file coords-v5.cif (mmCIF, C-alpha atoms)
data_run
loop_
_atom_site.label_atom_id
_atom_site.label_comp_id
_atom_site.auth_asym_id
_atom_site.auth_seq_id
_atom_site.Cartn_x
_atom_site.Cartn_y
_atom_site.Cartn_z
CA MET A 19 0.00 0.00 0.00
CA ILE A 20 2.72 2.42 -1.10
CA TRP A 21 0.07 4.96 -2.13
CA MET A 22 -0.60 5.69 1.56
CA ALA A 23 2.97 6.81 2.19
CA ALA A 24 3.18 8.63 -1.13
CA ARG A 25 0.40 11.04 -0.09
CA GLU A 26 1.21 11.25 3.60
CA ARG A 27 1.21 15.06 3.69
CA GLU A 28 -2.28 15.26 2.22
CA ARG A 29 -3.51 12.56 4.57
CA ALA A 30 -2.08 14.20 7.69
CA SER A 31 -4.58 17.07 7.68
CA PRO A 32 -7.65 18.10 5.64
CA ARG A 33 -5.79 21.30 4.73
CA GLY A 34 -3.01 19.21 3.26
CA LEU A 35 -5.51 18.11 0.62
CA TRP A 36 -7.43 21.40 0.31
CA PRO A 37 -5.88 24.48 1.96
CA GLU A 38 -9.17 26.43 1.90
CA VAL A 39 -11.16 23.92 3.96
CA GLN A 40 -12.54 25.22 7.25
CA SER A 41 -14.78 22.35 8.34
CA VAL A 42 -15.33 18.69 7.59
CA ILE A 43 -18.76 17.10 7.73
CA ALA A 44 -18.26 13.38 8.36
CA LEU A 45 -21.12 10.99 7.70
CA GLY A 46 -21.86 7.29 7.92
CA MET A 47 -24.29 5.03 6.08
CA SER A 48 -25.27 1.63 7.47
CA TYR A 49 -24.87 -1.60 5.51
CA ALA A 50 -25.68 -3.95 8.40
CA PRO A 51 -26.18 -7.46 6.95
CA ALA A 52 -29.28 -9.50 7.71
CA VAL A 53 -27.27 -12.75 7.89
CA ASP A 54 -24.25 -13.30 10.16
CA PRO A 55 -21.22 -13.40 7.81
CA LEU A 56 -19.65 -16.09 10.01
CA ALA A 57 -22.47 -18.49 9.09
CA ARG A 58 -20.79 -19.18 5.72
CA ALA A 59 -17.61 -20.48 7.33
CA GLY A 60 -19.00 -24.02 7.33
CA GLU A 61 -19.65 -24.08 3.56
CA PRO A 62 -16.19 -24.81 2.09
CA MET A 63 -17.47 -25.29 -1.47
CA ARG A 64 -18.87 -21.76 -1.53
CA GLY A 65 -16.99 -18.47 -1.49
CA ARG A 66 -17.43 -15.89 1.22
CA ILE A 67 -17.71 -12.32 -0.02
CA SER A 68 -17.53 -9.45 2.45
CA ALA A 69 -20.98 -8.10 3.30
CA TYR A 70 -20.19 -4.61 2.02
CA ALA A 71 -19.52 -5.94 -1.49
CA GLN A 72 -22.61 -8.10 -1.96
CA GLY A 73 -24.81 -5.20 -3.11
CA ALA A 74 -24.30 -2.09 -5.21
CA ASP A 75 -20.96 -0.31 -5.28
CA TYR A 76 -20.90 1.84 -2.15
CA HIS A 77 -18.66 4.43 -3.82
CA ASP A 78 -21.53 5.35 -6.15
CA VAL A 79 -24.34 5.11 -3.59
CA VAL A 80 -22.65 7.10 -0.83
CA LYS A 81 -21.22 9.72 -3.17
CA ARG A 82 -24.64 10.30 -4.72
CA ALA A 83 -26.11 10.96 -1.27
CA LEU A 84 -23.19 13.22 -0.25
CA LYS A 85 -23.49 15.27 -3.43
CA ALA A 86 -27.19 15.81 -2.77
CA LEU A 87 -26.41 16.99 0.76
CA ALA A 88 -23.55 19.16 -0.47
CA ARG A 89 -25.81 20.87 -3.02
CA TRP A 90 -28.32 21.62 -0.25
CA ILE A 91 -25.59 23.07 1.99
CA VAL A 92 -24.36 25.39 -0.75
CA ALA A 93 -27.91 26.47 -1.58
CA GLU A 94 -28.71 27.19 2.08
CA ALA A 95 -25.43 28.59 3.39
CA GLY A 96 -23.06 29.17 0.47
CA GLY A 97 -19.38 28.30 0.56
CA ASP A 98 -17.45 25.83 -1.55
CA VAL A 99 -17.52 22.07 -1.02
CA LYS A 100 -15.66 18.91 -1.99
CA VAL A 101 -17.07 15.41 -1.57
CA PHE A 102 -14.98 12.31 -0.81
CA VAL A 103 -15.85 8.61 -0.56
CA ASP A 104 -12.78 6.39 -0.14
CA THR A 105 -11.05 7.62 -3.30
CA ALA A 106 -8.75 10.36 -1.94
CA PRO A 107 -6.19 10.70 0.88
CA VAL A 108 -8.85 11.41 3.51
CA MET A 109 -8.63 9.94 7.01
CA GLU A 110 -12.32 9.04 7.22
CA LYS A 111 -12.16 7.08 10.48
CA PRO A 112 -10.38 9.71 12.63
CA LEU A 113 -12.63 12.39 11.13
CA ALA A 114 -15.74 10.34 11.90
CA GLU A 115 -14.54 9.84 15.47
CA ALA A 116 -13.86 13.58 15.81
CA ALA A 117 -17.39 14.26 14.54
CA GLY A 118 -18.95 11.99 17.17
CA ILE A 119 -20.19 9.22 14.87
CA GLY A 120 -18.31 6.60 16.89
CA TRP A 121 -14.79 5.55 17.77
CA GLN A 122 -12.01 3.51 16.19
CA GLY A 123 -12.29 0.12 17.82
CA LYS A 124 -9.59 -2.39 18.60
CA HIS A 125 -10.04 -3.78 15.07
CA THR A 126 -9.12 -0.25 13.81
CA ASN A 127 -12.52 0.22 12.14
CA LEU A 128 -15.14 2.68 13.30
CA VAL A 129 -17.68 1.44 15.83
CA SER A 130 -20.99 3.21 16.38
CA ARG A 131 -23.31 2.80 19.35
CA ALA A 132 -26.24 2.91 16.92
CA ASP A 133 -24.87 0.98 13.94
CA GLY A 134 -22.16 -1.25 15.36
CA SER A 135 -19.27 -1.93 12.97
CA TRP A 136 -21.31 -1.78 9.76
CA LEU A 137 -20.76 1.72 8.39
CA PHE A 138 -19.64 3.22 5.12
CA LEU A 139 -17.96 6.58 5.71
CA GLY A 140 -17.83 9.71 3.61
CA ALA A 141 -16.81 13.33 4.08
CA ILE A 142 -17.83 16.75 2.82
CA TYR A 143 -15.07 19.37 3.00
CA THR A 144 -16.39 22.93 3.11
CA THR A 145 -15.08 26.46 3.36
CA LEU A 146 -17.83 27.22 5.87
CA ASP A 147 -16.70 27.63 9.48
CA LEU A 148 -19.05 25.27 11.33
CA ALA A 149 -19.31 24.50 15.04
CA ALA A 150 -17.67 21.19 15.99
CA ASP A 151 -19.55 18.26 17.49
CA ALA A 152 -18.31 16.40 20.54
CA PRO A 153 -15.93 13.57 19.56
CA GLY A 154 -16.77 9.89 19.96
CA ARG A 155 -15.57 8.07 23.07
CA ASP A 156 -13.96 4.64 23.08
CA ALA A 157 -16.33 2.03 24.48
CA CYS A 158 -14.49 -1.19 23.63
CA GLY A 159 -13.68 -1.79 27.28
CA SER A 160 -11.95 -5.08 27.99
CA CYS A 161 -13.50 -6.85 24.97
CA ASP A 162 -10.96 -8.46 22.64
CA ALA A 163 -13.29 -10.59 20.49
CA CYS A 164 -12.10 -8.96 17.27
CA GLN A 165 -8.48 -9.68 18.16
CA ARG A 166 -9.10 -13.34 18.91
CA VAL A 167 -11.23 -14.14 15.86
CA CYS A 168 -8.76 -12.96 13.20
CA PRO A 169 -7.85 -16.03 11.09
CA THR A 170 -4.37 -14.76 10.19
CA ASN A 171 -3.39 -13.05 13.47
CA ALA A 172 -3.27 -9.63 11.81
CA PHE A 173 -3.53 -7.67 15.08
CA PRO A 174 -0.13 -7.35 16.81
CA ALA A 175 -1.88 -5.33 19.55
CA PRO A 176 -5.27 -3.71 20.18
CA TYR A 177 -5.88 -0.77 17.83
CA GLN A 178 -3.06 -1.95 15.55
CA LEU A 179 -3.44 -3.81 12.26
CA ASP A 180 -0.67 -5.46 10.24
CA ALA A 181 -2.20 -5.09 6.78
CA ARG A 182 0.29 -7.59 5.37
CA ARG A 183 -1.55 -10.34 7.26
CA CYS A 184 -5.10 -9.04 6.86
CA VAL A 185 -7.36 -11.18 4.65
CA SER A 186 -9.13 -8.10 3.31
CA TYR A 187 -5.83 -6.61 2.19
CA LEU A 188 -4.53 -9.89 0.80
CA THR A 189 -7.64 -10.69 -1.25
CA ILE A 190 -8.35 -7.15 -2.47
CA GLU A 191 -5.33 -4.86 -2.49
CA HIS A 192 -2.44 -7.31 -2.74
CA ALA A 193 -1.17 -8.11 -6.21
CA GLY A 194 0.81 -11.24 -6.97
CA PRO A 195 0.90 -14.54 -5.06
CA ILE A 196 -0.44 -14.59 -1.51
CA PRO A 197 2.15 -15.81 1.03
CA HIS A 198 1.83 -19.56 1.53
CA ASP A 199 1.83 -19.38 5.32
CA LEU A 200 -1.33 -17.24 5.27
CA ARG A 201 -3.35 -19.26 2.76
CA ALA A 202 -4.92 -21.71 5.22
CA GLY A 203 -6.22 -18.78 7.24
CA ILE A 204 -8.05 -17.42 4.21
CA GLY A 205 -10.41 -20.40 4.34
CA ASN A 206 -13.24 -19.91 1.85
CA ARG A 207 -13.02 -16.10 1.78
CA VAL A 208 -12.69 -14.94 -1.83
CA TYR A 209 -13.16 -11.19 -1.32
CA GLY A 210 -12.53 -9.45 1.95
CA CYS A 211 -13.21 -10.61 5.49
CA ASP A 212 -15.88 -9.63 8.02
CA ASP A 213 -14.80 -11.70 11.00
CA CYS A 214 -13.47 -8.93 13.24
CA LEU A 215 -16.53 -6.80 12.46
CA ALA A 216 -19.05 -9.60 12.84
CA VAL A 217 -18.07 -10.51 16.41
CA CYS A 218 -18.28 -6.93 17.72
CA PRO A 219 -20.84 -6.87 20.58
CA TRP A 220 -21.99 -3.41 19.56
CA ASN A 221 -23.61 -4.94 16.47
CA LYS A 222 -26.56 -6.02 18.63
CA PHE A 223 -27.72 -2.40 18.45
CA ALA A 224 -27.38 -2.21 14.66
CA ALA A 225 -30.34 -2.61 12.33
CA SER A 226 -30.97 -6.22 11.33
CA ALA A 227 -30.54 -5.36 7.66
CA ALA A 228 -29.19 -2.49 5.58
CA THR A 229 -31.60 0.42 5.57
CA ASN A 230 -30.50 1.39 2.07
CA ARG A 231 -31.95 -1.07 -0.43
CA ALA A 232 -28.93 -0.56 -2.69
CA PHE A 233 -26.88 -2.56 -0.20
CA LEU A 234 -29.19 -5.56 -0.10
CA PRO A 235 -27.18 -8.59 -1.27
CA ARG A 236 -27.48 -9.85 -4.81
CA ALA A 237 -28.35 -13.54 -4.86
CA GLU A 238 -25.34 -14.47 -7.01
CA LEU A 239 -22.95 -12.77 -4.57
CA THR A 240 -24.16 -14.17 -1.24
CA ALA A 241 -22.48 -17.58 -1.45
CA PRO A 242 -21.24 -18.32 -4.98
CA ALA A 243 -20.05 -21.83 -5.78
CA LEU A 244 -16.27 -22.04 -6.04
CA ALA A 245 -16.54 -24.21 -9.14
CA ASP A 246 -18.51 -21.48 -10.93
CA LEU A 247 -16.03 -18.77 -9.96
CA LEU A 248 -13.05 -20.86 -11.09
CA ALA A 249 -14.57 -21.04 -14.57
CA LEU A 250 -14.81 -17.26 -15.04
CA ASP A 251 -12.99 -15.72 -17.98
CA ASP A 252 -12.56 -11.94 -18.28
CA ALA A 253 -15.95 -11.41 -19.92
CA GLY A 254 -17.68 -13.63 -17.40
CA PHE A 255 -16.01 -11.85 -14.50
CA ARG A 256 -17.14 -8.46 -15.76
CA ALA A 257 -20.68 -9.72 -16.28
CA VAL A 258 -21.04 -11.29 -12.83
CA PHE A 259 -19.54 -8.37 -10.92
CA ALA A 260 -20.94 -5.47 -12.93
CA GLY A 261 -22.02 -2.68 -10.58
CA SER A 262 -20.10 -4.24 -7.69
CA PRO A 263 -16.93 -2.94 -6.00
CA ILE A 264 -15.48 -6.39 -6.66
CA LYS A 265 -15.08 -5.50 -10.33
CA ARG A 266 -12.21 -3.18 -9.37
CA ILE A 267 -9.83 -6.01 -8.45
CA GLY A 268 -10.06 -7.70 -11.85
CA ARG A 269 -10.43 -11.33 -12.82
CA GLU A 270 -6.83 -12.35 -12.00
CA ARG A 271 -7.02 -11.54 -8.28
CA MET A 272 -10.50 -12.99 -7.91
CA VAL A 273 -9.65 -16.33 -9.53
CA ARG A 274 -6.39 -16.43 -7.53
CA ASN A 275 -8.45 -16.03 -4.34
CA VAL A 276 -10.94 -18.67 -5.43
CA ALA A 277 -8.17 -21.14 -6.23
CA ILE A 278 -6.80 -20.72 -2.71
CA ALA A 279 -10.28 -21.23 -1.26
CA ALA A 280 -10.58 -24.37 -3.41
CA GLY A 281 -7.28 -25.64 -2.02
CA ASN A 282 -8.64 -25.09 1.48
CA SER A 283 -11.94 -26.83 0.73
CA GLY A 284 -10.74 -30.42 1.08
CA ASP A 285 -13.00 -31.42 -1.82
CA ALA A 286 -11.12 -33.16 -4.63
CA ARG A 287 -14.00 -32.54 -7.05
CA LEU A 288 -12.57 -29.06 -7.52
CA ALA A 289 -9.44 -30.58 -9.05
CA VAL A 290 -11.12 -30.59 -12.47
CA PRO A 291 -11.68 -26.81 -12.77
CA LEU A 292 -8.33 -26.20 -11.08
CA ARG A 293 -6.48 -28.27 -13.69
CA ALA A 294 -8.07 -26.13 -16.39
CA LEU A 295 -6.33 -23.11 -14.84
CA LEU A 296 -2.83 -24.59 -15.08
CA GLY A 297 -2.63 -23.17 -18.60
CA ASP A 298 -4.13 -19.79 -17.68
CA ASP A 299 -2.60 -16.65 -19.18
CA SER A 300 -1.95 -15.31 -15.68
CA ALA A 301 1.12 -16.64 -13.85
CA VAL A 302 -0.53 -15.69 -10.54
CA VAL A 303 -3.59 -17.80 -11.35
CA ARG A 304 -1.46 -20.72 -12.54
CA GLU A 305 0.59 -20.69 -9.31
CA ALA A 306 -2.51 -20.57 -7.10
CA ALA A 307 -4.14 -23.41 -9.05
CA ASP A 308 -1.01 -25.54 -8.79
CA TRP A 309 -0.83 -24.93 -5.03
CA ALA A 310 -4.52 -25.76 -4.62
CA LEU A 311 -4.18 -29.02 -6.52
CA ALA A 312 -1.29 -30.02 -4.26
CA GLN A 313 -3.47 -29.37 -1.21
CA LEU A 314 -6.36 -31.42 -2.58
CA LEU A 315 -4.48 -34.32 -4.12
CA ALA A 316 -1.52 -34.81 -1.79
CA PRO A 317 -3.69 -36.12 1.09
CA ALA A 318 -5.38 -38.54 -1.32
CA ALA A 319 -2.03 -39.75 -2.62
CA SER A 320 -0.79 -40.20 0.92
CA GLY A 321 -3.91 -42.13 1.81
CA ASP A 322 -3.56 -44.40 -1.23
CA GLY A 323 -0.02 -45.21 -0.21
CA ALA A 324 -1.12 -46.12 3.30
CA ASP A 325 -3.78 -48.46 1.97
CA ALA A 326 -1.43 -50.24 -0.44
#
call {"tool": "encode", "arguments": {"input": "coords-v5.cif", "output": "structure tokens"}}
result
Amino acid sequence: MIWMAARERERASPRGLWPEVQSVIALGMSYAPAVDPLARAGEPMRGRISAYAQGADYHDVVKRALKALARWIVAEAGGDVKVFVDTAPVMEKPLAEAAGIGWQGKHTNLVSRADGSWLFLGAIYTTLDLAADAPGRDACGSCDACQRVCPTNAFPAPYQLDARRCVSYLTIEHAGPIPHDLRAGIGNRVYGCDDCLAVCPWNKFAASAATNRAFLPRAELTAPALADLLALDDAGFRAVFAGSPIKRIGRERMVRNVAIAAGNSGDARLAVPLRALLGDDSAVVREAADWALAQLLAPAASGDGADA
């Protein structure tokens, strides 16, 4: 994630990005899932997709709402505005905490008393000088559920995340092969990970389902069969994930992730679609498929030898 360091000055302060800004309006939008994301852990032949990515692309939905609010602010009070949703060097979580929406929990994500851990964040920068709200206050207490549930031990300490071990980073941001020692921990997750969010006790106060219908899960993205995902070519990938934030990672990373999930499945039936990927144009996909086949077939070979 070199881009974070490359724009450190802009990220350090809102004025580093826009010198004229006087106030930041931080906002959150709930995407609380109706089904516990951890429930899919026991379905190794199906891929787990992070709850936030099962509906419409949040970049478009949240930005549309922020632009409508920004237009109203300008019409009512004047000033200039800029709208940001996860596409610029904006520290959304500290800003949201400063605005009183919640606090950064031990999993480093924002936690809200009203919405738990399920929030998309956005910000409106304005030249208006607005009164500040009271900041959020940490209410994690002694709870360490998010630390204990992480499948790859990505939290070296509370409030600290080692992105190099985080499943969300590895399956979304990371290009190239995923380190072998972390592959078992990925399980059947093919895009992102919700585990540290899902176990947060504050979620009991969140709505039982996303209040914005745009975030309701699409049927084909709730628990897709690994065999179907392994068969995706570029055109098929674009068709399945049209309108989804998943489309941004491209077919290579998705099929790489699915191959690793297949290797973790323990089901040798997936060897057939995996073998078809050994001649894939992508070296990353070929390597993941080769690794997965070794995971699925080596135990069988060992068992055959024991029976002989």
call {"tool": "atom_distance", "arguments": {"input": "coords-v5.cif", "atom1": "atom CA of Leu215 of chain A", "atom2": "atom CA of Leu139 of chain A"}}
result
15.1 Å
call {"tool": "atom_distance", "arguments": {"input": "coords-v5.cif", "atom1": "atom CA of Ala71 of chain A", "atom2": "atom CA of Leu234 of chain A"}}
result
9.8 Å
call {"tool": "atom_distance", "arguments": {"input": "coords-v5.cif", "atom1": "atom CA of Val92 of chain A", "atom2": "atom CA of Val79 of chain A"}}
result
20.5 Å
call {"tool": "residues_around", "arguments": {"input": "coords-v5.cif", "residues": "Gly97 of chain A", "least_positions_apart": "4", "cutoff": "8 Å", "atoms": "all atoms listed in the file", "output": "MDAnalysis selection string"}}
result
chainID A and resid 92 144:146
call {"tool": "closest_residue", "arguments": {"input": "coords-v5.cif", "among": "A:Ser262, A:Asn230, A:Ser160, A:Asn275", "to": "Tyr187 of chain A", "atoms": "all atoms listed in the file"}}
result
A:Asn275
call {"tool": "resolve_selection", "arguments": {"input": "coords-v5.cif", "expression": "the PyMOL selection byres ((chain A and resi 171) around 10)", "output": "list in words"}}
result
Gln165, Arg166, Val167, Cys168, Pro169, Thr170, Ala172, Phe173, Pro174, Ala175, Leu179, Asp180, Arg183, Cys184, Val185, Leu200 and Gly203 of chain A
call {"tool": "decode", "arguments": {"input": "coords-v5.cif", "residues": "segment 264-292 of chain A", "atoms": "N, CA, C and O atoms", "output": "short mmCIF file (atom, residue, chain, number, x, y, z; two decimals), in the first residue's frame"}}
result
data_model
loop_
_atom_site.label_atom_id
_atom_site.label_comp_id
_atom_site.auth_asym_id
_atom_site.auth_seq_id
_atom_site.Cartn_x
_atom_site.Cartn_y
_atom_site.Cartn_z
N ILE A 264 -16.37 -5.27 -6.38
CA ILE A 264 -15.48 -6.39 -6.66
C ILE A 264 -14.86 -6.26 -8.05
O ILE A 264 -13.72 -6.69 -8.29
N LYS A 265 -15.57 -5.63 -8.96
CA LYS A 265 -15.08 -5.50 -10.33
C LYS A 265 -13.73 -4.79 -10.38
O LYS A 265 -12.93 -5.03 -11.29
N ARG A 266 -13.45 -3.96 -9.38
CA ARG A 266 -12.21 -3.18 -9.37
C ARG A 266 -10.96 -4.04 -9.26
O ARG A 266 -9.88 -3.63 -9.68
N ILE A 267 -11.06 -5.23 -8.65
CA ILE A 267 -9.83 -6.01 -8.45
C ILE A 267 -9.45 -6.81 -9.69
O ILE A 267 -8.32 -7.29 -9.79
N GLY A 268 -10.36 -6.98 -10.62
CA GLY A 268 -10.06 -7.70 -11.85
C GLY A 268 -10.15 -9.22 -11.69
O GLY A 268 -10.13 -9.76 -10.59
N ARG A 269 -10.24 -9.89 -12.80
CA ARG A 269 -10.43 -11.33 -12.82
C ARG A 269 -9.24 -12.08 -12.21
O ARG A 269 -9.40 -13.08 -11.51
N GLU A 270 -8.00 -11.63 -12.46
CA GLU A 270 -6.83 -12.35 -12.00
C GLU A 270 -6.83 -12.53 -10.49
O GLU A 270 -6.64 -13.64 -9.98
N ARG A 271 -7.04 -11.44 -9.74
CA ARG A 271 -7.02 -11.54 -8.28
C ARG A 271 -8.18 -12.39 -7.77
O ARG A 271 -8.01 -13.16 -6.82
N MET A 272 -9.36 -12.22 -8.38
CA MET A 272 -10.50 -12.99 -7.91
C MET A 272 -10.27 -14.48 -8.10
O MET A 272 -10.48 -15.29 -7.18
N VAL A 273 -9.84 -14.90 -9.28
CA VAL A 273 -9.65 -16.33 -9.53
C VAL A 273 -8.48 -16.86 -8.69
O VAL A 273 -8.52 -18.00 -8.22
N ARG A 274 -7.46 -16.05 -8.47
CA ARG A 274 -6.39 -16.43 -7.53
C ARG A 274 -6.98 -16.74 -6.15
O ARG A 274 -6.67 -17.76 -5.53
N ASN A 275 -7.83 -15.84 -5.66
CA ASN A 275 -8.45 -16.03 -4.34
C ASN A 275 -9.31 -17.29 -4.30
O ASN A 275 -9.29 -18.05 -3.33
N VAL A 276 -10.05 -17.51 -5.38
CA VAL A 276 -10.94 -18.67 -5.43
C VAL A 276 -10.13 -19.96 -5.47
O VAL A 276 -10.50 -20.96 -4.83
N ALA A 277 -9.02 -19.95 -6.19
CA ALA A 277 -8.17 -21.14 -6.23
C ALA A 277 -7.65 -21.48 -4.84
O ALA A 277 -7.61 -22.66 -4.44
N ILE A 278 -7.27 -20.47 -4.08
CA ILE A 278 -6.80 -20.72 -2.71
C ILE A 278 -7.93 -21.27 -1.85
O ILE A 278 -7.74 -22.22 -1.08
N ALA A 279 -9.12 -20.71 -2.00
CA ALA A 279 -10.28 -21.23 -1.26
C ALA A 279 -10.55 -22.68 -1.66
O ALA A 279 -10.90 -23.52 -0.82
N ALA A 280 -10.39 -22.99 -2.95
CA ALA A 280 -10.58 -24.37 -3.41
C ALA A 280 -9.56 -25.29 -2.76
O ALA A 280 -9.88 -26.41 -2.35
N GLY A 281 -8.32 -24.83 -2.67
CA GLY A 281 -7.28 -25.64 -2.02
C GLY A 281 -7.57 -25.89 -0.56
O GLY A 281 -7.19 -26.92 0.01
N ASN A 282 -8.28 -24.95 0.07
CA ASN A 282 -8.64 -25.09 1.48
C ASN A 282 -9.90 -25.92 1.70
O ASN A 282 -10.23 -26.27 2.84
N SER A 283 -10.63 -26.21 0.61
CA SER A 283 -11.94 -26.83 0.73
C SER A 283 -11.90 -28.29 1.15
O SER A 283 -12.84 -28.81 1.75
N GLY A 284 -10.82 -29.00 0.79
CA GLY A 284 -10.74 -30.42 1.08
C GLY A 284 -11.57 -31.28 0.14
O GLY A 284 -11.67 -32.49 0.34
N ASP A 285 -12.15 -30.69 -0.88
CA ASP A 285 -13.00 -31.42 -1.82
C ASP A 285 -12.28 -31.63 -3.15
O ASP A 285 -12.10 -30.68 -3.92
N ALA A 286 -11.89 -32.85 -3.43
CA ALA A 286 -11.12 -33.16 -4.63
C ALA A 286 -11.91 -32.96 -5.92
O ALA A 286 -11.32 -32.94 -7.00
N ARG A 287 -13.22 -32.79 -5.85
CA ARG A 287 -14.00 -32.54 -7.05
C ARG A 287 -13.59 -31.23 -7.72
O ARG A 287 -13.80 -31.05 -8.93
N LEU A 288 -13.00 -30.32 -6.95
CA LEU A 288 -12.57 -29.06 -7.52
C LEU A 288 -11.26 -29.20 -8.30
O LEU A 288 -10.80 -28.23 -8.91
N ALA A 289 -10.67 -30.38 -8.29
CA ALA A 289 -9.44 -30.58 -9.05
C ALA A 289 -9.66 -30.38 -10.55
O ALA A 289 -8.76 -29.93 -11.26
N VAL A 290 -10.85 -30.72 -11.03
CA VAL A 290 -11.12 -30.59 -12.47
C VAL A 290 -11.05 -29.13 -12.92
O VAL A 290 -10.29 -28.81 -13.85
N PRO A 291 -11.82 -28.20 -12.32
CA PRO A 291 -11.68 -26.81 -12.77
C PRO A 291 -10.31 -26.21 -12.44
O PRO A 291 -9.83 -25.32 -13.15
N LEU A 292 -9.66 -26.70 -11.40
CA LEU A 292 -8.33 -26.20 -11.08
C LEU A 292 -7.31 -26.60 -12.15
O LEU A 292 -6.45 -25.81 -12.54
#
